[in-house]
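J.: Just one file: query_11.cif, with mmCIF, C-alpha atoms.
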```cif
data_data
#
loop_
_atom_site.label_atom_id
_atom_site.label_comp_id
_atom_site.auth_asym_id
_atom_site.auth_seq_id
_atom_site.Cartn_x
_atom_site.Cartn_y
_atom_site.Cartn_z
CA MET A 15 -15.86 30.48 22.62
CA SER A 16 -13.53 27.51 22.62
CA ARG A 17 -16.40 25.12 23.21
CA ASP A 18 -18.23 26.71 20.34
CA ARG A 19 -15.17 26.24 18.19
CA THR A 20 -14.81 22.59 19.14
CA SER A 21 -18.42 21.82 18.35
CA ARG A 22 -17.94 23.60 15.05
CA ARG A 23 -14.87 21.55 14.15
CA LEU A 24 -15.91 18.15 15.39
CA PRO A 25 -18.23 17.25 12.47
CA VAL A 26 -15.50 18.15 9.99
CA ILE A 27 -12.91 16.08 11.85
CA ILE A 28 -15.30 13.13 11.92
CA THR A 29 -15.91 13.36 8.16
CA LEU A 30 -12.15 13.49 7.60
CA LEU A 31 -11.62 10.40 9.75
CA VAL A 32 -14.32 8.54 7.85
CA GLY A 33 -12.67 9.71 4.65
CA LEU A 34 -9.35 8.27 5.81
CA MET A 35 -11.05 4.96 6.57
CA LEU A 36 -12.63 4.87 3.12
CA THR A 37 -9.21 5.63 1.68
CA ILE A 38 -7.40 2.73 3.33
CA MET A 39 -10.33 0.30 3.27
CA PRO A 40 -9.59 -2.75 1.14
CA LEU A 41 -11.48 -3.09 -2.14
CA PRO A 42 -11.56 -5.93 -4.65
CA ALA A 43 -8.66 -5.59 -7.05
CA SER A 44 -10.93 -4.78 -9.98
CA ALA A 45 -12.57 -1.84 -8.19
CA GLU A 46 -9.32 -0.64 -6.70
CA PRO A 47 -8.23 1.87 -9.39
CA PHE A 48 -11.64 3.56 -9.32
CA ARG A 49 -11.59 4.56 -5.66
CA PRO A 50 -12.31 8.31 -5.51
CA ASN A 51 -9.90 10.57 -3.67
CA TRP A 52 -12.23 10.98 -0.71
CA LEU A 53 -9.96 13.20 1.33
CA ALA A 54 -9.34 15.58 -1.57
CA LEU A 55 -13.10 15.90 -2.14
CA LEU A 56 -13.79 16.44 1.56
CA LEU A 57 -11.11 19.08 1.87
CA ILE A 58 -12.40 20.90 -1.23
CA PHE A 59 -15.91 20.94 0.25
CA TRP A 60 -14.88 22.24 3.66
CA ALA A 61 -12.50 24.80 2.17
CA MET A 62 -15.36 26.05 0.02
CA GLN A 63 -17.76 26.33 2.95
CA LEU A 64 -15.52 27.30 5.85
CA PRO A 65 -12.36 28.71 4.25
CA ARG A 66 -11.23 30.51 7.38
CA THR A 67 -11.13 27.38 9.51
CA TRP A 68 -10.25 24.72 6.94
CA SER A 69 -7.60 26.00 4.68
CA VAL A 70 -4.19 25.05 3.34
CA GLY A 71 -2.70 24.23 6.75
CA SER A 72 -5.21 21.53 7.61
CA ALA A 73 -5.02 20.18 4.06
CA TRP A 74 -1.27 19.89 4.43
CA MET A 75 -1.56 17.97 7.69
CA VAL A 76 -4.11 15.58 6.19
CA GLY A 77 -1.65 15.11 3.33
CA ILE A 78 1.14 14.13 5.72
CA VAL A 79 -1.14 11.52 7.30
CA LEU A 80 -1.97 10.26 3.80
CA ASP A 81 1.73 10.08 2.90
CA VAL A 82 2.46 8.01 5.97
CA SER A 83 -0.41 5.58 5.43
CA TYR A 84 0.40 5.23 1.73
CA GLY A 85 4.13 5.00 2.33
CA THR A 86 4.78 7.62 -0.35
CA LEU A 87 7.36 10.37 -0.18
CA LEU A 88 6.72 12.44 2.92
CA GLY A 89 5.21 15.70 1.63
CA GLN A 90 3.93 14.44 -1.71
CA HIS A 91 0.21 14.27 -0.97
CA ALA A 92 0.63 17.17 1.47
CA LEU A 93 1.88 19.41 -1.33
CA ALA A 94 -0.81 18.32 -3.78
CA LEU A 95 -3.63 18.81 -1.26
CA ALA A 96 -2.30 22.19 -0.14
CA VAL A 97 -2.22 23.39 -3.75
CA ILE A 98 -5.76 22.32 -4.66
CA VAL A 99 -7.15 23.66 -1.39
CA PHE A 100 -5.35 26.92 -2.06
CA ALA A 101 -7.11 27.15 -5.42
CA THR A 102 -10.43 26.31 -3.74
CA VAL A 103 -10.07 28.93 -1.02
CA ARG A 104 -8.97 31.53 -3.55
CA PHE A 105 -12.14 31.01 -5.58
CA HIS A 106 -14.52 29.79 -2.89
CA LEU A 107 -17.04 32.60 -3.38
CA LEU A 108 -17.20 31.96 -7.11
CA MET A 109 -17.51 28.23 -6.57
CA ARG A 110 -20.40 28.68 -4.16
CA VAL A 111 -22.51 30.36 -6.82
CA PHE A 112 -21.46 28.15 -9.73
CA PRO A 113 -24.28 26.14 -11.35
CA LEU A 114 -23.98 22.40 -10.85
CA LEU A 115 -22.41 21.67 -14.22
CA GLN A 116 -19.77 24.35 -13.90
CA LEU A 117 -18.96 23.29 -10.35
CA GLY A 118 -18.59 19.73 -11.59
CA ALA A 119 -16.14 20.89 -14.22
CA THR A 120 -14.18 22.79 -11.57
CA ILE A 121 -14.04 19.73 -9.33
CA PHE A 122 -12.84 17.70 -12.31
CA ALA A 123 -10.10 20.22 -12.96
CA LEU A 124 -9.03 20.30 -9.29
CA LEU A 125 -8.88 16.50 -9.06
CA ALA A 126 -6.94 16.33 -12.32
CA LEU A 127 -4.51 18.91 -10.95
CA TYR A 128 -4.17 16.84 -7.77
CA GLN A 129 -3.39 13.64 -9.69
CA PHE A 130 -1.07 15.53 -11.97
CA ILE A 131 0.99 16.94 -9.09
CA LEU A 132 1.31 13.44 -7.59
CA PHE A 133 2.22 12.07 -11.03
CA TRP A 134 4.80 14.76 -11.57
CA ILE A 135 6.44 14.23 -8.19
CA ASN A 136 6.54 10.49 -8.91
CA GLY A 137 8.27 11.26 -12.18
CA VAL A 138 10.88 13.47 -10.52
CA ALA A 139 11.46 10.89 -7.78
CA GLY A 140 11.82 8.07 -10.31
CA VAL A 141 8.77 6.03 -9.30
CA SER A 142 7.68 4.02 -12.32
CA ALA A 143 4.82 5.40 -14.39
CA PRO A 144 1.41 3.88 -13.63
CA SER A 145 -1.10 2.75 -16.23
CA ILE A 146 -3.97 4.72 -17.74
CA ASN A 147 -6.09 3.62 -14.76
CA TYR A 148 -4.14 6.15 -12.74
CA TRP A 149 -6.50 8.88 -13.94
CA ALA A 150 -9.70 6.97 -13.11
CA PRO A 151 -10.17 8.58 -9.65
CA VAL A 152 -10.55 11.96 -11.35
CA ILE A 153 -13.65 10.70 -13.14
CA THR A 154 -15.13 8.69 -10.26
CA GLY A 155 -14.40 11.61 -7.92
CA THR A 156 -16.36 13.97 -10.18
CA ILE A 157 -19.23 11.48 -10.33
CA VAL A 158 -19.54 11.09 -6.55
CA TRP A 159 -19.12 14.82 -5.92
CA PRO A 160 -22.84 15.84 -6.19
CA PHE A 161 -23.88 13.11 -3.73
CA LEU A 162 -21.06 13.99 -1.37
CA TYR A 163 -22.03 17.66 -1.67
CA ILE A 164 -25.64 16.99 -0.70
CA PHE A 165 -24.60 14.74 2.17
CA LEU A 166 -22.01 17.14 3.54
CA SER A 167 -24.38 20.11 3.27
CA GLY A 168 -26.77 18.11 5.42
CA VAL A 169 -24.00 17.43 7.92
CA ARG A 170 -23.09 21.08 7.94
CA TYR A 171 -26.55 22.48 8.63
CA ARG A 172 -27.39 19.82 11.15
CA ALA A 173 -24.16 20.54 12.99
CA ARG A 174 -24.90 24.25 12.97
CA SER A 175 -28.45 23.93 14.26
CA GLY A 176 -27.35 21.40 16.84
CA ALA A 177 -24.59 23.64 18.19
CA MET B 5 -7.09 32.20 13.60
CA VAL B 6 -8.52 35.16 11.84
CA ALA B 7 -10.51 37.45 14.06
CA SER B 8 -13.23 38.52 11.65
CA ARG B 9 -15.24 35.44 10.90
CA GLY B 10 -18.42 37.03 9.53
CA ASN B 11 -19.25 37.66 5.93
CA ASN B 12 -19.26 41.43 6.41
CA SER B 13 -15.58 42.40 6.07
CA ASN B 14 -14.62 41.59 2.49
CA PRO B 15 -14.84 37.82 2.71
CA ALA B 16 -13.14 37.18 -0.63
CA ARG B 17 -9.72 38.02 0.74
CA ILE B 18 -8.14 35.71 3.22
CA PRO B 19 -5.01 37.43 4.39
CA GLY B 20 -1.71 35.64 4.10
CA LEU B 21 -3.13 32.72 2.13
CA GLY B 22 -0.63 32.90 -0.70
CA LEU B 23 2.29 33.18 1.69
CA ARG B 24 1.05 30.26 3.75
CA VAL B 25 0.70 27.98 0.76
CA LEU B 26 4.15 28.97 -0.49
CA VAL B 27 5.72 28.13 2.88
CA LEU B 28 3.88 24.78 2.95
CA ILE B 29 5.05 23.95 -0.58
CA LEU B 30 8.62 24.75 0.38
CA ILE B 31 8.37 22.58 3.51
CA SER B 32 6.93 19.74 1.42
CA ILE B 33 9.76 19.96 -1.10
CA VAL B 34 12.39 19.96 1.65
CA LEU B 35 10.67 16.99 3.33
CA MET B 36 10.49 15.06 0.07
CA TYR B 37 14.11 15.81 -0.70
CA PHE B 38 15.31 14.42 2.62
CA ASP B 39 12.89 11.51 2.47
CA GLN B 40 14.20 10.55 -0.95
CA ARG B 41 17.90 10.88 -0.14
CA GLU B 42 18.23 9.55 3.35
CA ASN B 43 16.16 7.99 6.07
CA HIS B 44 16.30 10.93 8.46
CA LEU B 45 12.53 11.18 8.50
CA ASP B 46 11.81 7.69 9.79
CA GLY B 47 11.05 9.21 13.20
CA ILE B 48 8.30 11.47 11.84
CA ARG B 49 6.95 8.62 9.75
CA ARG B 50 6.78 6.35 12.75
CA ALA B 51 5.14 9.00 14.95
CA VAL B 52 2.40 9.77 12.42
CA GLY B 53 2.08 6.06 11.70
CA ALA B 54 1.41 5.39 15.36
CA ALA B 55 -1.29 8.07 15.28
CA VAL B 56 -2.93 6.40 12.27
CA TYR B 57 -2.71 2.95 13.88
CA PRO B 58 -6.16 3.17 15.56
CA VAL B 59 -7.74 4.01 12.18
CA ARG B 60 -6.11 0.93 10.70
CA ILE B 61 -7.45 -1.18 13.55
CA VAL B 62 -10.97 0.21 13.03
CA VAL B 63 -10.85 -0.47 9.28
CA ASP B 64 -9.55 -3.96 9.90
CA ALA B 65 -12.17 -4.70 12.58
CA PRO B 66 -15.21 -5.51 10.39
CA VAL B 67 -13.21 -8.05 8.37
CA ARG B 68 -11.87 -9.61 11.54
CA PHE B 69 -15.36 -9.63 13.06
CA TRP B 70 -16.78 -11.30 9.95
CA GLY B 71 -14.14 -13.99 10.15
CA TRP B 72 -14.87 -14.53 13.82
CA LEU B 73 -18.61 -14.70 13.13
CA ALA B 74 -18.09 -17.21 10.33
CA ARG B 75 -15.92 -19.32 12.59
CA SER B 76 -18.23 -19.25 15.56
CA THR B 77 -21.37 -20.12 13.60
CA THR B 78 -20.03 -23.13 11.74
CA SER B 79 -22.00 -26.19 12.66
CA ARG B 80 -20.62 -29.08 14.62
CA LYS B 81 -20.89 -31.33 11.60
CA GLU B 82 -18.84 -28.99 9.45
CA LEU B 83 -16.25 -28.76 12.17
CA GLU B 84 -16.03 -32.53 12.37
CA LEU B 85 -15.62 -32.77 8.62
CA GLU B 86 -12.93 -30.11 8.72
CA LEU B 87 -11.21 -31.95 11.57
CA GLY B 88 -11.21 -35.17 9.61
CA ARG B 89 -9.78 -33.45 6.58
CA LEU B 90 -7.07 -31.76 8.62
CA GLN B 91 -6.10 -35.00 10.34
CA ALA B 92 -5.75 -36.77 7.01
CA GLU B 93 -3.71 -33.88 5.71
CA ARG B 94 -1.51 -33.90 8.77
CA LEU B 95 -0.82 -37.58 8.37
CA LEU B 96 0.26 -37.04 4.79
CA THR B 97 2.40 -34.04 5.67
CA ASN B 98 4.02 -35.90 8.53
CA ALA B 99 4.88 -38.79 6.28
CA ARG B 100 6.52 -36.39 3.84
CA LEU B 101 8.27 -34.62 6.67
CA GLN B 102 9.86 -37.86 7.81
CA ARG B 103 11.38 -38.31 4.42
CA LEU B 104 12.49 -34.70 4.45
CA THR B 105 14.30 -35.16 7.76
CA ALA B 106 16.15 -38.12 6.36
CA LEU B 107 16.98 -36.17 3.21
CA GLU B 108 18.16 -33.20 5.22
CA ALA B 109 20.50 -35.37 7.23
CA GLU B 110 21.77 -36.97 4.08
CA ASN B 111 22.27 -33.60 2.46
CA ALA B 112 24.23 -32.40 5.48
CA ARG B 113 26.47 -35.46 5.24
CA PHE B 114 27.12 -34.90 1.55
CA ARG B 115 27.87 -31.26 2.18
CA ALA B 116 30.27 -32.25 4.90
CA LEU B 117 31.95 -34.63 2.44
CA LEU B 118 32.24 -31.79 -0.07
CA ASP B 119 33.67 -29.59 2.66
CA ALA B 120 30.92 -27.02 2.15
CA ARG B 121 29.21 -25.64 5.16
CA THR B 122 25.75 -26.88 6.10
CA ARG B 123 22.91 -24.51 5.44
CA VAL B 124 21.47 -23.16 8.61
CA ARG B 125 17.73 -23.41 8.91
CA ASP B 126 15.85 -20.14 8.75
CA GLU B 127 13.82 -18.89 11.63
CA VAL B 128 10.22 -17.98 10.82
CA ARG B 129 7.34 -16.26 12.49
CA VAL B 130 3.70 -16.06 11.44
CA ALA B 131 2.16 -12.64 10.88
CA GLU B 132 -1.36 -11.69 9.98
CA ILE B 133 -2.17 -9.35 7.13
CA MET B 134 -4.25 -6.37 8.14
CA ALA B 135 -7.15 -5.60 5.87
CA VAL B 136 -5.93 -2.18 4.93
CA ASP B 137 -4.85 -0.95 1.59
CA ALA B 138 -1.58 0.80 1.66
CA ASN B 139 -1.36 2.23 -1.81
CA PRO B 140 -3.59 1.60 -4.81
CA TYR B 141 -0.82 2.00 -7.36
CA GLU B 142 1.58 -0.40 -5.76
CA HIS B 143 1.08 -3.98 -4.68
CA ASN B 144 1.52 -3.52 -0.98
CA LEU B 145 0.26 -5.11 2.18
CA VAL B 146 0.37 -4.27 5.85
CA ILE B 147 1.20 -6.90 8.45
CA ASP B 148 0.43 -6.80 12.15
CA ILE B 149 3.95 -7.09 13.54
CA GLY B 150 6.63 -4.46 13.36
CA ARG B 151 9.93 -3.22 14.68
CA ARG B 152 8.93 -4.22 18.20
CA ASP B 153 8.99 -7.87 17.10
CA GLY B 154 12.29 -7.57 15.31
CA VAL B 155 11.01 -7.00 11.78
CA TYR B 156 13.57 -5.23 9.62
CA ASP B 157 13.56 -3.54 6.22
CA GLY B 158 14.17 -5.95 3.36
CA GLN B 159 12.97 -9.00 5.27
CA ALA B 160 11.57 -11.83 3.15
CA ILE B 161 7.90 -12.83 3.45
CA VAL B 162 6.55 -16.20 2.30
CA ASP B 163 3.30 -18.10 2.62
CA ALA B 164 2.61 -21.82 2.53
CA ASP B 165 3.09 -21.98 -1.26
CA GLY B 166 5.92 -19.61 -2.00
CA VAL B 167 7.46 -16.17 -1.80
CA VAL B 168 5.04 -13.31 -1.19
CA GLY B 169 7.24 -10.24 -0.98
CA GLN B 170 9.53 -8.27 1.26
CA VAL B 171 9.23 -5.67 4.01
CA ILE B 172 9.84 -2.11 2.85
CA LYS B 173 8.83 0.05 5.79
CA THR B 174 8.71 -0.92 9.42
CA GLY B 175 6.51 0.84 11.93
CA VAL B 176 6.49 0.08 15.63
CA MET B 177 3.57 -2.33 15.54
CA THR B 178 2.93 -2.73 11.83
CA ALA B 179 5.09 -3.11 8.77
CA GLN B 180 4.48 -2.47 5.11
CA ALA B 181 5.61 -4.95 2.51
CA VAL B 182 5.84 -4.94 -1.25
CA LEU B 183 4.55 -7.97 -3.18
CA ILE B 184 6.68 -9.68 -5.80
CA SER B 185 4.06 -8.70 -8.39
CA ASP B 186 4.68 -4.97 -7.86
CA ALA B 187 5.92 -3.29 -11.01
CA ASP B 188 8.95 -1.97 -9.14
CA HIS B 189 9.99 -5.31 -7.71
CA ALA B 190 12.52 -7.72 -9.13
CA LEU B 191 13.94 -10.83 -7.55
CA PRO B 192 16.77 -13.16 -8.49
CA VAL B 193 15.49 -16.68 -9.22
CA GLU B 194 16.72 -19.89 -10.70
CA VAL B 195 14.96 -22.61 -12.62
CA ASN B 196 14.63 -25.56 -10.28
CA ARG B 197 15.12 -28.09 -13.09
CA ASN B 198 18.49 -26.93 -14.36
CA GLY B 199 19.74 -24.10 -12.18
CA LEU B 200 19.39 -21.48 -14.91
CA ARG B 201 19.62 -18.12 -13.18
CA THR B 202 17.57 -15.08 -14.12
CA ILE B 203 15.49 -12.29 -12.66
CA ALA B 204 11.72 -12.32 -12.13
CA VAL B 205 10.23 -8.84 -12.48
CA GLY B 206 6.79 -7.83 -11.22
CA THR B 207 4.30 -6.61 -13.79
CA GLY B 208 1.74 -4.77 -11.70
CA GLU B 209 -0.69 -7.62 -12.37
CA ILE B 210 -1.29 -9.78 -9.33
CA ASP B 211 -1.03 -13.10 -11.18
CA ARG B 212 1.90 -12.56 -13.52
CA LEU B 213 5.68 -12.15 -13.30
CA ASP B 214 7.92 -11.44 -16.26
CA LEU B 215 11.30 -12.96 -17.00
CA PRO B 216 12.63 -10.40 -19.43
CA PHE B 217 16.29 -11.36 -19.51
CA LEU B 218 16.21 -14.83 -21.02
CA PRO B 219 17.75 -15.27 -24.47
CA ASN B 220 15.83 -17.15 -27.15
CA ASN B 221 17.92 -20.27 -26.76
CA ALA B 222 17.55 -20.47 -22.97
CA ASP B 223 16.51 -23.86 -21.67
CA ILE B 224 13.14 -22.98 -20.19
CA ARG B 225 9.71 -24.53 -20.72
CA VAL B 226 6.17 -24.09 -19.58
CA GLY B 227 5.76 -25.75 -16.20
CA ASP B 228 9.26 -25.02 -14.92
CA VAL B 229 9.36 -24.10 -11.26
CA LEU B 230 11.30 -20.97 -10.33
CA VAL B 231 12.88 -20.82 -6.87
CA THR B 232 14.78 -18.04 -5.14
CA SER B 233 18.46 -18.22 -5.90
CA GLY B 234 19.52 -16.30 -2.82
CA LEU B 235 21.87 -14.19 -4.89
CA GLY B 236 20.30 -10.83 -4.13
CA GLY B 237 20.91 -11.36 -0.45
CA ALA B 238 17.37 -10.36 0.53
CA PHE B 239 15.68 -13.71 0.03
CA PRO B 240 17.06 -16.98 1.38
CA ALA B 241 17.66 -19.57 -1.35
CA GLY B 242 15.32 -22.36 -2.30
CA TYR B 243 11.83 -20.95 -1.76
CA PRO B 244 9.41 -21.48 -4.67
CA VAL B 245 8.49 -18.26 -6.45
CA ALA B 246 6.47 -19.01 -9.58
CA VAL B 247 5.66 -21.50 -12.29
CA VAL B 248 6.43 -20.65 -15.92
CA ASN B 249 3.18 -20.49 -17.87
CA LEU B 250 4.14 -18.91 -21.16
CA VAL B 251 7.25 -19.08 -23.32
CA THR B 252 7.21 -17.28 -26.66
CA ARG B 253 10.37 -17.27 -28.75
CA ILE B 254 10.41 -14.69 -31.52
CA PRO B 255 13.43 -15.39 -33.76
CA GLN B 256 14.33 -11.80 -34.59
CA GLU B 257 14.11 -10.58 -30.99
CA PRO B 258 17.11 -10.98 -28.70
CA PHE B 259 15.09 -12.10 -25.69
CA ALA B 260 12.34 -14.64 -25.31
CA ASP B 261 8.98 -13.56 -23.93
CA VAL B 262 8.55 -15.56 -20.73
CA SER B 263 5.98 -15.06 -18.01
CA ALA B 264 5.18 -17.01 -14.87
CA THR B 265 2.38 -17.35 -12.33
CA PRO B 266 3.35 -16.67 -8.70
CA ALA B 267 3.22 -19.78 -6.54
CA ALA B 268 1.77 -17.92 -3.57
CA ALA B 269 -1.84 -16.78 -3.77
CA LEU B 270 -0.85 -13.13 -3.57
CA ASP B 271 -4.36 -11.71 -3.39
CA GLN B 272 -5.82 -14.31 -1.07
CA VAL B 273 -3.32 -14.77 1.70
CA ARG B 274 -4.38 -13.79 5.17
CA GLU B 275 -1.43 -15.18 7.08
CA VAL B 276 2.18 -14.99 6.02
CA MET B 277 5.53 -16.04 7.44
CA LEU B 278 8.43 -13.71 8.00
CA ILE B 279 11.88 -15.20 7.63
CA TRP B 280 14.84 -14.32 9.74
CA SER B 281 17.46 -15.78 7.52
CA ALA B 282 20.77 -16.91 8.87
CA PRO B 283 23.80 -14.78 7.91
CA PRO B 284 24.87 -15.56 4.33
CA VAL B 285 26.71 -18.80 4.08
CA THR B 286 29.85 -18.74 1.98
CA GLU B 287 29.71 -21.66 -0.37
CA GLU B 288 33.36 -21.60 -1.33
CA ALA B 289 35.26 -24.66 -0.43
CA PRO B 290 38.65 -24.07 1.18
CA ASP B 291 41.85 -24.79 -0.77
CA GLU B 292 42.33 -28.33 -1.92
#
```
Is it possible to express this structure as structure tokens?
T.:
Amino acid sequence: MSRDRTSRRLPVIITLLVGLMLTIMPLPASAEPFRPNWLALLLIFWAMQLPRTWSVGSAWMVGIVLDVSYGTLLGQHALALAVIVFATVRFHLLMRVFPLLQLGATIFALLALYQFILFWINGVAGVSAPSINYWAPVITGTIVWPFLYIFLSGVRYRARSGA
Amino acid sequence: MVASRGNNSNPARIPGLGLRVLVLILISIVLMYFDQRENHLDGIRRAVGAAVYPVRIVVDAPVRFWGWLARSTTSRKELELELGRLQAERLLTNARLQRLTALEAENARFRALLDARTRVRDEVRVAEIMAVDANPYEHNLVIDIGRRDGVYDGQAIVDADGVVGQVIKTGVMTAQAVLISDADHALPVEVNRNGLRTIAVGTGEIDRLDLPFLPNNADIRVGDVLVTSGLGGAFPAGYPVAVVNLVTRIPQEPFADVSATPAAALDQVREVMLIWSAPPVTEEAPDE
């Protein structure tokens, strides 16, 4: 049983690690503001597909790691990720049967909520307000979502048949 | 974990989900509160940071490898050219250094005459910047030495051309620094030409600093060099910071619109120097 569980979790953990690398990988300054929130997208996908294994707890832990590597307030990204993953898990059955356009709109809303929570905490903590570019990851995140979805579905079924 | 994993027993409900998320939100808020007020959480930060360290190494590796590859495939001829260039440069620098030594000695003598104490030379150490992005909304960088090497919060960082920034968070083996161009960073400077003191504020743009507190009649021109004044206590005095590139005086406004270009190549540096400055020197002369 435990070996089965490990083999089930390993692909997800690997995608999360790759996501973390993409998050802290340097980009040219002009492309910088448009970097999608990879970890948020990954967590939404896995919470949609495997909500009993990847839920708010794992999202929170990923958030703490993100807080440490960003040097933001400890708990800021953790809170935001936990909230959007909560929404995802709550509606995961609906989201699975959504047509592509509607799912895209949902992802857009979730990413906007994520950025908004971070923005709001920054405001309360007195971190200076960023420029309009701050909201760019919401749009780029929505654009990369379909490709990420196809890729991750592939990962998921391959992992299942391999196990 | 939940026992029933199949899709047969009402899969829409995941028991305890709302409660779990509430608890996590509360924990986050408590964590943020303590993180904001005091530094009690540095231990947690350092522990998680150490866990993330391998990921940073992996992300940094391709860049490092590329640099190594570029170095090891340069032709002999290029190397010879480079060597010649470096030797010429060294000769020039040495010549200047000789004059500097003489000047330093002279300066020390004058200071002794004035009864002021001699400035102690700062101790420096070279650190390499890791190719990781700390935070997209702040101008940050990560360097490859940390608390283990004596790095401390607030330490000044310079490169060959001028001030780069200061350390804000120290891990065991890495440290995070904020650049002077960060929108939340301000540093006390003075104009090298006339000693006019002001504050250089970051703008969030990598190649521009603002000097918002200069009145319209201030004696400042395009081309003036700004150096650290040492007044804030964080930066040692006398390091070049920026060159004024724009002065706009609008008569009805109280302050002139002055901006400057950082002297250090903030987005290109790969190696920086950390300064262990000597304890602040009191410049007051004793009673006459």
J.: Can you spell out as a list in words the set of residues that the PyMOL selection byres ((chain B and resi 161-164) around 9) selects in the structure I just provided?
T.: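 This file, filtered by the PyMOL selection byres ((chain B and resi 161-164) around 9), leaves Gln159, Ala160, Asp165, Gly166, Val167, Val168, Gly169, Gln170, Val171, Ala181, Leu183, Phe239, Tyr243, Ala268, Ala269, Leu270, Val273, Glu275, Val276, Met277, Leu278 and Ile279 of chain B.
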J.: I'd like a table as a Markdown table: residues in chain A with an atom no more than 6 Å from chain B, each row giving the shortest atom pair and its distance in Å to one decimal, only C-alpha atoms counted, sorted by chain and rising residue number.
T.:
```
| residue | atom | partner | partner_atom | distance |
| --- | --- | --- | --- | --- |
| A:Ile38 | CA | B:Asp137 | CA | 4.8 |
| A:Met39 | CA | B:Val136 | CA | 5.3 |
| A:Pro40 | CA | B:Asp137 | CA | 5.1 |
| A:Val82 | CA | B:Arg49 | CA | 5.9 |
| A:Tyr84 | CA | B:Ala138 | CA | 4.9 |
| A:Leu87 | CA | B:Met36 | CA | 5.6 |
| A:Leu88 | CA | B:Met36 | CA | 5.4 |
| A:Gly89 | CA | B:Ser32 | CA | 4.4 |
| A:Leu93 | CA | B:Ile29 | CA | 5.6 |
```
J.: Work out how far atom CA of A:Trp60 is from atom CA of A:Phe165, in Å to one decimal.
T.: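 Those two atoms sit 12.4 Å apart.
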J.: Which residue is closest to A:Gln63? Choose from A:Arg49, A:Arg172, A:Arg22, A:Arg110 and count only C-alpha atoms.
T.: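 Closest residue, counting only C-alpha atoms: A:Arg110.
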J.: Kindly indicate which residue among A:Ser72, A:Ser167, A:Gln129, A:Thr156 lies nearest to A:Ala96, using only C-alpha atoms for the distances.
T.: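 Of the candidates, the smallest distance to A:Ala96 is held by A:Ser72.
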J.: Going by the chain IDs and residue numbers used in this file, which residues fall under the PyMOL selection byres ((chain A and resi 162-164) around 12)? Write them as a PyMOL selection string.
T.: chain A and resi 29+33+50-60+62-63+110+114+117-118+121+154-161+165-171
J.: Neighbours of stretch 222-229 of chain B within 6 Å (all atoms listed in the file; same-chain residues fewer than 3 positions away dropped), as a list in words?
T.: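 Residues meeting the cut-off are Val195, Asn196, Pro219, Val247, Val248, Asn249 and Leu250 of chain B.
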J.: Would you write out those residues with C-alpha atoms, as a PDB file, keeping the file's coordinate frame?
T.:
```pdb
ATOM      1  CA  VAL B 195      14.960 -22.610 -12.620  1.00  0.00           C
ATOM      2  CA  ASN B 196      14.630 -25.560 -10.280  1.00  0.00           C
ATOM      3  CA  PRO B 219      17.750 -15.270 -24.470  1.00  0.00           C
ATOM      4  CA  VAL B 247       5.660 -21.500 -12.290  1.00  0.00           C
ATOM      5  CA  VAL B 248       6.430 -20.650 -15.920  1.00  0.00           C
ATOM      6  CA  ASN B 249       3.180 -20.490 -17.870  1.00  0.00           C
ATOM      7  CA  LEU B 250       4.140 -18.910 -21.160  1.00  0.00           C
TER       8      LEU B 250
END
```
J.: Identify which of the residues A:Arg23, A:Leu41, A:Phe122, A:His91 lies closest to A:Ile78, counting all atoms listed in the file when measuring atom-to-atom distances.
T.: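 For A:Ile78, the nearest of the candidates is A:His91.
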J.: Counting all atoms listed in the file, figure out which residue out of A:Phe105, A:Asn147, A:Gly85, A:Gly137 gets nearest to B:Val182.
T.: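 The shortest atom-to-atom distance to B:Val182 comes from A:Gly85.
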